[in-house]
Structures are given as structure tokens and as C-alpha cells.
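As C-alpha cells, the structure follows; a few thoughts come after it.
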Amino acid sequence: MRQPLRRLAAPLLSLVLAACQTNAANVPAAPPQAKPVAASAATPARGPFVAAANPLAAEAGMAVLRRGGSAVDAAVAIQAVLGLVEPQSSGLGGGAFLMHYDAATGAVTAYDGRETAPSAATPELFYENGQPLPFIDAVLSGRSTGAPGAVAMLAMAQKDHGRLAWRDLFGDAERLARDGFVVSPRLAGMINGRAPQARTRWASEYFTKADGGRYQAGEVLKNPAYARTVRMLADQGPGVLYGGPLGQAVAATVAEDPRPGALSAADISAYRPLRRDPLCRPYRAYVVCVPPPPSSGAAVLEFLAMAERTPDLDKGPDSPEAWVAFGRLQRLMYADRDRYIGDTDFVGVPIAGLLDPDYVAARAALVPSVNGPVEPGRPTGAPPVGADATAEPGGTSHFVVVDAWGNAVSMTTTVESIFGSGRMAGGFFLNNQLTDFSFTPMQGDHPAANAVAAGKRPRSSMTPTLILDRQGNLVGAIGSPGGSSILAYVAKALVGVIDWDLPVQEAVALPNLVVRGEMVGADAQLLSPEIKAALAQAGMAVRPNATETSGLHGAIWRDGRWDGGADPRREGVAVSEVR
């Protein structure tokens, strides 16, 4: 019988880590009476385990693990296949954040593969005639593409933690691209949908059959250009993109009409992924670790810190009061996130202030009175920044890997919108990640924290998450696509698993509720009439979710096995072969 996470956690002493922990073994221990369901000397969390958004990608990762590969080795193979079979969401032309857990040392590392703006970028990147461009015009332009970071980041992480040769990680992607793969229903829906990125000349050439029709679900799609690309990456390494012919091809595509962009081959060659210290904070009997800015993981940690001070949330998934509290907490979280989070190499981000216990307590005290949009708070260290004007459509994927030694990867990866900018080079889509910047750089006298600047990384909602016990052992991993709604989706899954004692599959399948300022979106058909009525009375009248739906993938270690889950809203699977 499974041991529920929440019931085993007695009330803990007030505790906030003073700084991010790069070594998870140093996190404070829970009180003796709190016995979280986690790894132990007798039953360390280990794999092979993979949860990913497409069965072909999951199998590619498992094949690497079966050959003795590490979690990062498998991540390279998974991304290579996802970029082929789920190109609407991520790919070699995009970016990613990766959280890595090292079982031998307990170290947690955040790898930042977020794209960067070209050296010629200005705060008015998306202006014409003194006014911001319409959003979709910006997306389809060459201006929307930043220097891609996913491949460089994976190469860095694989150099740090790989066990197999880089060249041996692309075989499944090359074979599927060369011989063809079966188009899934979700991909077919995107190919034949209304997104203008699916109708560009690049996308139309790829997705149109010899008879003039577009590919449908169940048909076989080949991509010989992608097969050549992954073979070059395997043989020549990431330099073929960063300083080689692939980078030149990307720059040439960006420079084409309409509205050519300034991203050059030199900008791509100059791109550098980053190792960053993770942000780790206690929640109940556990420690939750997320990437630092420009990821928005700090906002999820603020949500959790406020949640511990919100008793209504403990009433469970059938409680109207719990769902009202969940929505109100989101409004507070998003108000702070939207105002303050940006690239810390360019703006001051008050992380310590946002997570300070006194500040959290003051924000949590507002929860009962939140019945509409709220203003951001003023945490200690907050710089004078203007209001944000960032639009965040969805086109993202998340996967989790654990290898036979217990090393883990939680990675969220994206090309930003559906099929990115709709432009292609080397058989893959280019990102439109720069539209994740605020189109309006100034609000009043102050620049937005997420304003465009040369070399800057746009703010991201991607929040790949690792869960540890207080001894620094791996407990689980979770993450989701969803644009700005990622924060709500990840928070929902964490509350579902930890607070509401749900199996992971049930937690990820819970109704989605996203409350950000005036915007309220939900899986209305999955919420009870009582919950919808309570939400409406609290200023959160439910409307259909207009943002990208969730694609939660993750797992919790319970009773010597992985309790995994794959979001039923996508096409993913969770596969475990624990030995």
C-alpha cells in the first residue's frame, strides 16, 4: 500500500534556506516525526524511468538507458526525437532549461539553454512606425528568432554527466527521419490547424504530400533534411550549429522576408549555455528545486511558501474552498512574477525578497480578500521596474529521466509558439523566442524587467522541477509545457501529489485552473458545479482555458518504484523498468 506524502509530514519549523543549494545533501533535515516517502539507503530512487510527450521519444530514451547511458545521455536522444515527431513544441532550433540530480554527490545543477537576443537587438525590436507590431506579425518575422540554446546546453550537460559517446545518441532520430514516422493525431491537428506558422512556405513545403494534400494522422512522414542534420550533429558535435554550416543556414533563414531578423551566424557561434545554482526551498517535508531566472521557478516557490500558510488548500481536491484558495494564490504569484522576473544579467531580480518569510506571510495574509486582479508587492530589493507587456503563447514539451544509478533529469524544452516562427533550416523549425520579451519596453519612467536588450535572455515560464527529501535524496520530478500557465500547472501537480496525497497520474489529470490578473481559464467540464459557483463568487468566473493546455510529465518514488504520470491532454507515456 502506498504511503501518502502529505500525511507523513508533521508541521515543520519555520525554515527557509538562506541561499540556493548546489549540493542537495546540505539541505536541512526534517524533524524526526516527519518521515517522507523518499529514497533511503535501503531503497534509493533509481531507474530506468522515462516520461515524455511522445512514445517514440520515450522509447529512444529508454533504449539509451538500457545500453548503460546516463539520464543526460537519454535526454539528448529524447530531444532529438521530439524535435522530429513533436516539432510544434520543441526542437534543435529552440531552447530549454534542465535540472540535473547527481545521485553520487547529491548535487543539483540548473542548466540554462535559453535563447539570447542578437547583438543588434534594441528595446524597440518589435516596433514599426513607432508602434508595437501585431503579435502574430512579430512571430512570423525573422526578428522573433534568438540564438538557439537547447543543443549547446545538452552538449554541456552531456560532457558533465554522460556515460556514452555523444555520437551514439542520435541513431533513433536519424532512422525515424530517414525511414519515416507515423504522424500522431496531435501533430496532424497542428499541421491542419489554423496556426499561421503551419502555413508558411517552409512549413507548407514540409507538410504537403505529392498529391497536394496535407499529412493526416496515421500517415508516414519523412524528413531527410533532419536525418542529415542529426547525423552531422552526431559526427561533428554541436559546433556544426555553433559556428558551422547549420548555424549559417539558420541565420540565412532568419534574414529572409517578411521582416528579416538580425540574428547572425556570429551571434549563434557566440552563444553560451550556463550552469546556474538552482533555487531550492522547503515545502512541507520536502525540498523543491527549480531553475533561477530567467526561468520563473521562483514564482512557484513563492506560491508554495504562501500555500503553507493557506489552510483552505489542505481541504482536498473536492473542496470548493481549496480551489478558491488555489486561484487566489495564483493571482498573487503572477502579479509578482510578471513585474519582477527577468534576466539577472541585465536586471535586478529580488529573489531573496520574494521568498523572505515576512514578505511571504504578508502576501499570504491577502489570500482571503483576493477577489480580482492584485498589484505586485514590494519585496525587499525590488528595483523600480515598469509593468510588463509580454504575451506568452504555448509550444513547449517536458520530460523526465532517471537512470540506473539514480541520476535524474527534469527538462522543459520549447520553440515558443506552435512550430516556432514557422521558418525552417536543416529540417527543423526555428524558435520565435524573442517574442517572449515585453513588446513595450517602457511603462512610465521605468523599463520593464523583461524588455529587449542585445544578448539578453527573455523571461521564461519553463519550470522543470526536482523534489528531494530533507536528507537530499531524490524523491521526484515534474514539469509541464503551457506558456505562462506552466506555473499554474506545476503548482497544481505539486499540490495534488504532496498536499492531496494523489497518485501522480491523478494529480496531473486534475482539472486545470489558471488565474492570472483578469484572465481566468479552466477545464470547466471537469470542475463540479459547486466548485465553479465558489470560484465565480470569489471573482473567478470560469471560462474555457484559452492558453496552451498542460503536458505534465513526472514521477514520485514510492514503495521502491516510480509512481509516474503522463498528462492525458497530450500523447505522452511514463515508462519504468526499475531493476
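Labeling convention for the C-alpha cells: chains A, B, ... as they appear, residues from 1 per chain, ligands from 1 in order of appearance.
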Using only C-alpha atoms, which residues sit within 12 Å of A:Thr310 once same-chain residues fewer than 2 positions away are excluded, as a compact mmCIF listing (two decimals) with all heavy atoms, in the first residue's frame?
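After the write, part_17.txt holds the following:
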# COMPACT_ATOMS: atom_id res chain seq x y z
N PHE A 303 4.67 30.68 -4.54
CA PHE A 303 3.33 30.07 -4.41
C PHE A 303 3.33 29.04 -3.29
O PHE A 303 2.43 29.04 -2.43
CB PHE A 303 2.93 29.43 -5.73
CG PHE A 303 1.65 28.65 -5.66
CD1 PHE A 303 0.46 29.21 -6.07
CD2 PHE A 303 1.63 27.33 -5.20
CE1 PHE A 303 -0.73 28.49 -6.00
CE2 PHE A 303 0.45 26.61 -5.12
CZ PHE A 303 -0.73 27.20 -5.53
N LEU A 304 4.31 28.13 -3.30
CA LEU A 304 4.34 27.08 -2.29
C LEU A 304 4.52 27.65 -0.88
O LEU A 304 3.90 27.16 0.07
CB LEU A 304 5.47 26.10 -2.62
CG LEU A 304 5.32 25.31 -3.92
CD1 LEU A 304 6.57 24.46 -4.18
CD2 LEU A 304 4.07 24.43 -3.91
N ALA A 305 5.37 28.65 -0.76
CA ALA A 305 5.57 29.27 0.56
C ALA A 305 4.28 29.89 1.07
O ALA A 305 3.96 29.80 2.27
CB ALA A 305 6.69 30.30 0.48
N MET A 306 3.52 30.54 0.18
CA MET A 306 2.22 31.09 0.58
C MET A 306 1.22 29.97 0.87
O MET A 306 0.40 30.08 1.78
CB MET A 306 1.68 32.02 -0.50
CG MET A 306 2.47 33.30 -0.69
SD MET A 306 1.66 34.46 -1.84
CE MET A 306 1.78 33.56 -3.41
N ALA A 307 1.29 28.89 0.10
CA ALA A 307 0.35 27.78 0.27
C ALA A 307 0.45 27.16 1.65
O ALA A 307 -0.56 26.73 2.22
CB ALA A 307 0.60 26.72 -0.80
N GLU A 308 1.67 27.11 2.20
CA GLU A 308 1.84 26.54 3.55
C GLU A 308 1.11 27.37 4.60
O GLU A 308 0.83 26.86 5.69
CB GLU A 308 3.32 26.43 3.89
CG GLU A 308 4.04 25.30 3.18
CD GLU A 308 5.35 24.94 3.82
OE1 GLU A 308 6.29 25.75 3.73
OE2 GLU A 308 5.45 23.84 4.43
N ASP A 312 -7.04 26.58 3.80
CA ASP A 312 -8.10 26.07 2.92
C ASP A 312 -7.56 25.14 1.84
O ASP A 312 -8.29 24.26 1.35
CB ASP A 312 -8.83 27.24 2.25
CG ASP A 312 -9.89 27.85 3.15
OD1 ASP A 312 -10.15 27.29 4.23
OD2 ASP A 312 -10.45 28.91 2.79
N LEU A 313 -6.31 25.32 1.46
CA LEU A 313 -5.75 24.48 0.41
C LEU A 313 -5.66 23.02 0.85
O LEU A 313 -5.63 22.11 0.00
CB LEU A 313 -4.36 24.99 0.02
CG LEU A 313 -3.82 24.54 -1.34
CD1 LEU A 313 -4.66 25.11 -2.47
CD2 LEU A 313 -2.37 24.96 -1.51
N ASP A 314 -5.63 22.79 2.16
CA ASP A 314 -5.49 21.43 2.68
C ASP A 314 -6.79 20.63 2.61
O ASP A 314 -6.80 19.44 2.95
CB ASP A 314 -5.01 21.46 4.13
CG ASP A 314 -3.61 22.02 4.27
OD1 ASP A 314 -2.87 21.99 3.28
OD2 ASP A 314 -3.27 22.50 5.37
N LYS A 315 -7.88 21.25 2.19
CA LYS A 315 -9.18 20.58 2.27
C LYS A 315 -9.42 19.56 1.17
O LYS A 315 -10.40 18.82 1.20
CB LYS A 315 -10.30 21.63 2.28
CG LYS A 315 -10.27 22.50 3.54
CD LYS A 315 -11.40 23.53 3.56
CE LYS A 315 -11.34 24.37 4.83
NZ LYS A 315 -12.42 25.38 4.88
N GLU A 321 -13.53 25.36 -1.33
CA GLU A 321 -12.64 26.30 -0.65
C GLU A 321 -11.19 26.11 -1.08
O GLU A 321 -10.44 27.08 -1.21
CB GLU A 321 -12.75 26.12 0.88
CG GLU A 321 -14.08 26.52 1.46
CD GLU A 321 -15.12 25.40 1.40
OE1 GLU A 321 -14.78 24.30 0.88
OE2 GLU A 321 -16.25 25.60 1.87
N ALA A 322 -10.78 24.86 -1.30
CA ALA A 322 -9.40 24.60 -1.72
C ALA A 322 -9.15 25.19 -3.11
O ALA A 322 -8.09 25.79 -3.37
CB ALA A 322 -9.12 23.10 -1.72
N TRP A 323 -10.10 25.03 -4.02
CA TRP A 323 -9.91 25.56 -5.37
C TRP A 323 -9.94 27.09 -5.40
O TRP A 323 -9.20 27.72 -6.16
CB TRP A 323 -10.96 24.98 -6.32
CG TRP A 323 -10.63 23.57 -6.70
CD1 TRP A 323 -11.10 22.43 -6.13
CD2 TRP A 323 -9.72 23.14 -7.72
NE1 TRP A 323 -10.54 21.32 -6.72
CE2 TRP A 323 -9.70 21.72 -7.71
CE3 TRP A 323 -8.93 23.82 -8.65
CZ2 TRP A 323 -8.91 20.97 -8.59
CZ3 TRP A 323 -8.15 23.08 -9.53
CH2 TRP A 323 -8.15 21.68 -9.50
N VAL A 324 -10.76 27.68 -4.56
CA VAL A 324 -10.75 29.15 -4.45
C VAL A 324 -9.40 29.62 -3.95
O VAL A 324 -8.81 30.57 -4.48
CB VAL A 324 -11.90 29.63 -3.54
CG1 VAL A 324 -11.70 31.10 -3.16
CG2 VAL A 324 -13.25 29.43 -4.21
N ALA A 325 -8.87 28.95 -2.93
CA ALA A 325 -7.55 29.32 -2.41
C ALA A 325 -6.49 29.15 -3.49
O ALA A 325 -5.59 29.99 -3.63
CB ALA A 325 -7.21 28.47 -1.19
N PHE A 326 -6.57 28.07 -4.26
CA PHE A 326 -5.61 27.82 -5.32
C PHE A 326 -5.62 28.97 -6.34
O PHE A 326 -4.57 29.47 -6.76
CB PHE A 326 -5.95 26.49 -6.00
CG PHE A 326 -5.03 26.10 -7.12
CD1 PHE A 326 -3.65 26.04 -6.94
CD2 PHE A 326 -5.54 25.78 -8.37
CE1 PHE A 326 -2.81 25.67 -7.99
CE2 PHE A 326 -4.71 25.40 -9.42
CZ PHE A 326 -3.34 25.35 -9.23
N GLY A 327 -6.80 29.41 -6.73
CA GLY A 327 -6.89 30.51 -7.67
C GLY A 327 -6.38 31.82 -7.10
O GLY A 327 -5.69 32.59 -7.78
N ARG A 328 -6.72 32.11 -5.87
CA ARG A 328 -6.26 33.36 -5.24
C ARG A 328 -4.75 33.38 -5.09
O ARG A 328 -4.11 34.42 -5.30
CB ARG A 328 -6.95 33.52 -3.89
CG ARG A 328 -8.42 33.87 -3.99
CD ARG A 328 -9.14 33.79 -2.66
NE ARG A 328 -10.42 34.49 -2.69
CZ ARG A 328 -11.34 34.40 -1.75
NH1 ARG A 328 -11.12 33.63 -0.67
NH2 ARG A 328 -12.47 35.07 -1.85
N LEU A 329 -4.17 32.27 -4.73
CA LEU A 329 -2.71 32.19 -4.62
C LEU A 329 -2.06 32.47 -5.97
O LEU A 329 -1.01 33.12 -6.05
CB LEU A 329 -2.30 30.82 -4.10
CG LEU A 329 -2.52 30.55 -2.61
CD1 LEU A 329 -2.45 29.06 -2.32
CD2 LEU A 329 -1.51 31.32 -1.77
N VAL A 360 6.44 36.71 2.42
CA VAL A 360 5.50 35.64 2.08
C VAL A 360 4.30 35.67 3.01
O VAL A 360 3.14 35.52 2.57
CB VAL A 360 6.21 34.27 2.15
CG1 VAL A 360 5.20 33.14 2.13
CG2 VAL A 360 7.19 34.11 0.99
N ALA A 361 4.53 35.88 4.29
CA ALA A 361 3.43 35.91 5.25
C ALA A 361 2.49 37.07 4.94
O ALA A 361 1.25 36.93 5.03
CB ALA A 361 3.98 36.03 6.66
N ALA A 362 3.05 38.21 4.58
CA ALA A 362 2.21 39.37 4.26
C ALA A 362 1.39 39.12 3.00
O ALA A 362 0.20 39.49 2.95
CB ALA A 362 3.09 40.61 4.08
N ARG A 363 1.98 38.50 2.01
CA ARG A 363 1.22 38.20 0.79
C ARG A 363 0.16 37.14 1.06
O ARG A 363 -0.98 37.24 0.59
CB ARG A 363 2.17 37.72 -0.32
CG ARG A 363 3.14 38.76 -0.82
CD ARG A 363 2.46 39.92 -1.50
NE ARG A 363 2.21 39.67 -2.93
CZ ARG A 363 1.55 40.51 -3.71
NH1 ARG A 363 1.02 41.61 -3.21
NH2 ARG A 363 1.37 40.25 -5.00
N ALA A 364 0.52 36.10 1.82
CA ALA A 364 -0.45 35.04 2.13
C ALA A 364 -1.63 35.57 2.93
O ALA A 364 -2.76 35.08 2.79
CB ALA A 364 0.24 33.91 2.89
N ALA A 365 -1.39 36.60 3.76
CA ALA A 365 -2.47 37.18 4.54
C ALA A 365 -3.53 37.84 3.66
O ALA A 365 -4.67 38.04 4.10
CB ALA A 365 -1.91 38.20 5.53
N LEU A 366 -3.18 38.15 2.42
CA LEU A 366 -4.12 38.77 1.50
C LEU A 366 -5.07 37.76 0.86
O LEU A 366 -6.09 38.15 0.28
CB LEU A 366 -3.37 39.50 0.39
CG LEU A 366 -2.43 40.64 0.80
CD1 LEU A 366 -1.67 41.15 -0.42
CD2 LEU A 366 -3.22 41.77 1.46
N VAL A 367 -4.73 36.47 0.95
CA VAL A 367 -5.48 35.46 0.20
C VAL A 367 -6.99 35.54 0.42
O VAL A 367 -7.77 35.53 -0.55
CB VAL A 367 -4.95 34.04 0.51
CG1 VAL A 367 -5.88 32.98 -0.06
CG2 VAL A 367 -3.55 33.87 -0.06
N PRO A 368 -7.49 35.63 1.66
CA PRO A 368 -8.95 35.64 1.84
C PRO A 368 -9.65 36.82 1.18
O PRO A 368 -10.85 36.73 0.90
CB PRO A 368 -9.10 35.70 3.36
CG PRO A 368 -7.83 35.14 3.90
CD PRO A 368 -6.77 35.60 2.95
N ASP A 499 0.09 17.66 -1.14
CA ASP A 499 -0.93 18.09 -0.19
C ASP A 499 -2.16 17.20 -0.21
O ASP A 499 -2.79 16.98 0.83
CB ASP A 499 -1.34 19.53 -0.49
CG ASP A 499 -0.22 20.52 -0.28
OD1 ASP A 499 0.66 20.60 -1.15
OD2 ASP A 499 -0.21 21.19 0.76
Quiz item: Near A:Val287, counting only C-alpha atoms, which residues have an atom at most 8 Å away, once you skip same-chain residues fewer than 4 positions from it, shown as JSON, numbers by chain?
Solution: {"A": [27, 280, 281, 282, 283, 467, 468, 469, 470]}
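Residue neighbourhood of A:Ala574, excluding near-sequence residues (fewer than 2 positions): Phe49, Val50, Ala51, Ala52, Ala58, His553, Gly554, Gly564, Gly565, Ala566, Gly572 and Ser576 of chain A, at 8 Å, using only C-alpha atoms.
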Output file for the selection above: N, CA, C and O atoms, as a PDB file, in the first residue's frame:
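Generated output (selection15.pdb):
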ATOM      1  N   PHE A  49      13.751   5.055 -15.853  1.00  0.00           N
ATOM      2  CA  PHE A  49      12.414   5.639 -15.907  1.00  0.00           C
ATOM      3  C   PHE A  49      12.439   6.784 -16.901  1.00  0.00           C
ATOM      4  O   PHE A  49      13.376   7.592 -16.909  1.00  0.00           O
ATOM      5  N   VAL A  50      11.396   6.859 -17.736  1.00  0.00           N
ATOM      6  CA  VAL A  50      11.240   7.962 -18.679  1.00  0.00           C
ATOM      7  C   VAL A  50       9.766   8.334 -18.746  1.00  0.00           C
ATOM      8  O   VAL A  50       8.900   7.453 -18.833  1.00  0.00           O
ATOM      9  N   ALA A  51       9.479   9.625 -18.703  1.00  0.00           N
ATOM     10  CA  ALA A  51       8.149  10.142 -19.027  1.00  0.00           C
ATOM     11  C   ALA A  51       8.348  11.250 -20.044  1.00  0.00           C
ATOM     12  O   ALA A  51       9.095  12.206 -19.789  1.00  0.00           O
ATOM     13  N   ALA A  52       7.724  11.113 -21.205  1.00  0.00           N
ATOM     14  CA  ALA A  52       7.896  12.086 -22.276  1.00  0.00           C
ATOM     15  C   ALA A  52       6.615  12.187 -23.085  1.00  0.00           C
ATOM     16  O   ALA A  52       5.743  11.319 -23.004  1.00  0.00           O
ATOM     17  N   ALA A  58      10.058   8.616 -25.859  1.00  0.00           N
ATOM     18  CA  ALA A  58      10.277   7.869 -24.616  1.00  0.00           C
ATOM     19  C   ALA A  58      11.066   6.592 -24.877  1.00  0.00           C
ATOM     20  O   ALA A  58      11.975   6.239 -24.113  1.00  0.00           O
ATOM     21  N   HIS A 553       4.447  15.865 -17.064  1.00  0.00           N
ATOM     22  CA  HIS A 553       5.078  14.549 -17.020  1.00  0.00           C
ATOM     23  C   HIS A 553       5.968  14.507 -15.789  1.00  0.00           C
ATOM     24  O   HIS A 553       6.691  15.467 -15.508  1.00  0.00           O
ATOM     25  N   GLY A 554       5.881  13.403 -15.052  1.00  0.00           N
ATOM     26  CA  GLY A 554       6.706  13.326 -13.862  1.00  0.00           C
ATOM     27  C   GLY A 554       6.490  12.052 -13.090  1.00  0.00           C
ATOM     28  O   GLY A 554       5.796  11.128 -13.543  1.00  0.00           O
ATOM     29  N   GLY A 564       4.575   7.057 -11.720  1.00  0.00           N
ATOM     30  CA  GLY A 564       4.711   8.014 -12.805  1.00  0.00           C
ATOM     31  C   GLY A 564       3.385   8.450 -13.374  1.00  0.00           C
ATOM     32  O   GLY A 564       2.345   7.811 -13.173  1.00  0.00           O
ATOM     33  N   GLY A 565       3.437   9.549 -14.117  1.00  0.00           N
ATOM     34  CA  GLY A 565       2.228  10.051 -14.747  1.00  0.00           C
ATOM     35  C   GLY A 565       2.538  10.795 -16.027  1.00  0.00           C
ATOM     36  O   GLY A 565       3.574  11.464 -16.136  1.00  0.00           O
ATOM     37  N   ALA A 566       1.642  10.667 -17.002  1.00  0.00           N
ATOM     38  CA  ALA A 566       1.717  11.391 -18.268  1.00  0.00           C
ATOM     39  C   ALA A 566       0.374  12.061 -18.503  1.00  0.00           C
ATOM     40  O   ALA A 566      -0.670  11.413 -18.395  1.00  0.00           O
ATOM     41  N   GLY A 572       1.713  11.571 -24.311  1.00  0.00           N
ATOM     42  CA  GLY A 572       2.892  11.035 -23.670  1.00  0.00           C
ATOM     43  C   GLY A 572       2.663   9.734 -22.921  1.00  0.00           C
ATOM     44  O   GLY A 572       1.537   9.259 -22.751  1.00  0.00           O
ATOM     45  N   SER A 576       8.629   2.686 -16.878  1.00  0.00           N
ATOM     46  CA  SER A 576       9.588   2.356 -15.827  1.00  0.00           C
ATOM     47  C   SER A 576      10.075   0.931 -16.009  1.00  0.00           C
ATOM     48  O   SER A 576       9.301   0.021 -16.309  1.00  0.00           O
TER      49      SER A 576
END
Quiz item: stretch 84-319 of chain A: which residues are helix (DSSP H, G or I) by DSSP, as a PyMOL selection string?
Solution: chain A and resi 84-85+135-140+142-144+150-161+166-168+171-179+185-191+196-199+201-207+224-236+238-240+245-254+265-269+297-307+311-315
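Here atom CA of A:Ala104 stands at a distance of 22.2 Å from atom CA of A:Ala285.
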Quiz prompt | Spatial neighbours of stretch 244-246 of chain A, max dist 10 Å, only C-alpha atoms, sep filter under 2 positions, as a count of residues only | solution = 19
Pick out the residues sitting within 12 Å of A:Val497, and hand them over as a compact mmCIF listing (two decimals) with N, CA and C atoms, in the first residue's frame; count only C-alpha atoms, and ignore anything fewer than 5 positions along from it in its own chain.
# COMPACT_ATOMS: atom_id res chain seq x y z
N GLN A 3 2.38 4.88 0.66
CA GLN A 3 2.39 5.79 1.80
C GLN A 3 2.16 7.21 1.30
N PRO A 4 1.11 7.90 1.74
CA PRO A 4 0.83 9.23 1.24
C PRO A 4 1.89 10.23 1.68
N LEU A 5 2.25 11.12 0.78
CA LEU A 5 3.29 12.09 1.08
C LEU A 5 2.85 13.07 2.15
N ARG A 6 1.66 13.65 1.99
CA ARG A 6 1.25 14.74 2.87
C ARG A 6 1.03 14.28 4.29
N ARG A 7 0.41 13.09 4.46
CA ARG A 7 0.06 12.65 5.81
C ARG A 7 1.28 12.36 6.66
N VAL A 37 8.10 9.87 2.13
CA VAL A 37 8.29 8.71 1.28
C VAL A 37 9.36 9.06 0.27
N ARG A 284 6.58 21.61 2.95
CA ARG A 284 6.15 20.51 3.80
C ARG A 284 7.39 19.73 4.26
N TYR A 286 9.56 18.32 2.32
CA TYR A 286 10.40 18.13 1.15
C TYR A 286 11.19 19.39 0.81
N ASP A 314 -5.63 22.79 2.16
CA ASP A 314 -5.49 21.43 2.68
C ASP A 314 -6.79 20.63 2.61
N GLY A 316 -8.54 19.52 0.17
CA GLY A 316 -8.59 18.43 -0.78
C GLY A 316 -9.19 18.78 -2.12
N PRO A 317 -9.05 17.85 -3.09
CA PRO A 317 -9.43 18.15 -4.47
C PRO A 317 -10.92 18.29 -4.71
N ILE A 467 12.24 17.20 -6.81
CA ILE A 467 11.76 17.12 -5.43
C ILE A 467 12.71 16.21 -4.66
N VAL A 475 13.35 12.43 -4.61
CA VAL A 475 12.00 11.94 -4.37
C VAL A 475 11.20 11.93 -5.66
N GLY A 476 11.36 12.97 -6.49
CA GLY A 476 10.56 13.02 -7.69
C GLY A 476 10.95 14.14 -8.61
N ALA A 477 10.24 14.23 -9.72
CA ALA A 477 10.48 15.26 -10.73
C ALA A 477 9.17 15.52 -11.47
N ILE A 478 8.97 16.76 -11.88
CA ILE A 478 7.73 17.13 -12.56
C ILE A 478 7.99 18.36 -13.42
N VAL A 490 2.30 23.36 -12.86
CA VAL A 490 3.27 22.74 -11.96
C VAL A 490 2.80 22.86 -10.52
N ALA A 491 2.27 24.03 -10.16
CA ALA A 491 1.76 24.20 -8.79
C ALA A 491 0.63 23.21 -8.52
N LYS A 492 -0.25 23.03 -9.49
CA LYS A 492 -1.36 22.08 -9.31
C LYS A 492 -0.84 20.67 -9.06
N LEU A 502 -2.45 12.40 -3.83
CA LEU A 502 -2.92 11.72 -5.02
C LEU A 502 -1.78 10.98 -5.72
N PRO A 503 -2.07 9.85 -6.36
CA PRO A 503 -1.08 9.28 -7.28
C PRO A 503 -0.75 10.30 -8.36
N VAL A 504 0.44 10.20 -8.91
CA VAL A 504 0.88 11.20 -9.88
C VAL A 504 -0.06 11.28 -11.07
N GLN A 505 -0.52 10.14 -11.57
CA GLN A 505 -1.42 10.18 -12.73
C GLN A 505 -2.69 10.95 -12.41
N GLU A 506 -3.23 10.78 -11.21
CA GLU A 506 -4.43 11.53 -10.83
C GLU A 506 -4.12 13.00 -10.65
N ALA A 507 -2.95 13.31 -10.11
CA ALA A 507 -2.59 14.71 -9.89
C ALA A 507 -2.44 15.46 -11.21
N VAL A 508 -1.79 14.85 -12.21
CA VAL A 508 -1.61 15.56 -13.47
C VAL A 508 -2.93 15.66 -14.24
N ALA A 509 -3.85 14.73 -13.99
CA ALA A 509 -5.14 14.74 -14.68
C ALA A 509 -6.16 15.65 -14.01
N LEU A 510 -5.86 16.20 -12.85
CA LEU A 510 -6.77 17.14 -12.19
C LEU A 510 -7.17 18.26 -13.14
N GLY A 554 5.88 13.40 -15.05
CA GLY A 554 6.71 13.33 -13.86
C GLY A 554 6.49 12.05 -13.09
N ALA A 555 7.08 12.01 -11.90
CA ALA A 555 7.00 10.80 -11.08
C ALA A 555 7.41 11.11 -9.65
N ILE A 556 6.93 10.28 -8.73
CA ILE A 556 7.32 10.30 -7.31
C ILE A 556 7.78 8.89 -6.95
N TRP A 557 8.86 8.79 -6.19
CA TRP A 557 9.37 7.49 -5.75
C TRP A 557 8.57 7.03 -4.54
N ARG A 558 7.85 5.91 -4.69
CA ARG A 558 7.02 5.37 -3.61
C ARG A 558 7.20 3.86 -3.55
N ASP A 563 6.12 6.02 -9.16
CA ASP A 563 4.71 6.31 -9.40
C ASP A 563 4.70 7.43 -10.44
N GLY A 564 4.58 7.06 -11.72
CA GLY A 564 4.71 8.01 -12.81
C GLY A 564 3.38 8.45 -13.37
N GLY A 565 3.44 9.55 -14.12
CA GLY A 565 2.23 10.05 -14.75
C GLY A 565 2.54 10.79 -16.03
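Each of A:Gly113, A:Gly551, A:Pro383, A:Gly106 was compared to A:Glu571 using only C-alpha atoms, and A:Gly551 turns out to be the nearest.
For the choices A:Gly472, A:Pro292, A:Pro464, A:Gly539, the atom-to-atom distance to A:Val374 is smallest for A:Gly539 when using only C-alpha atoms.
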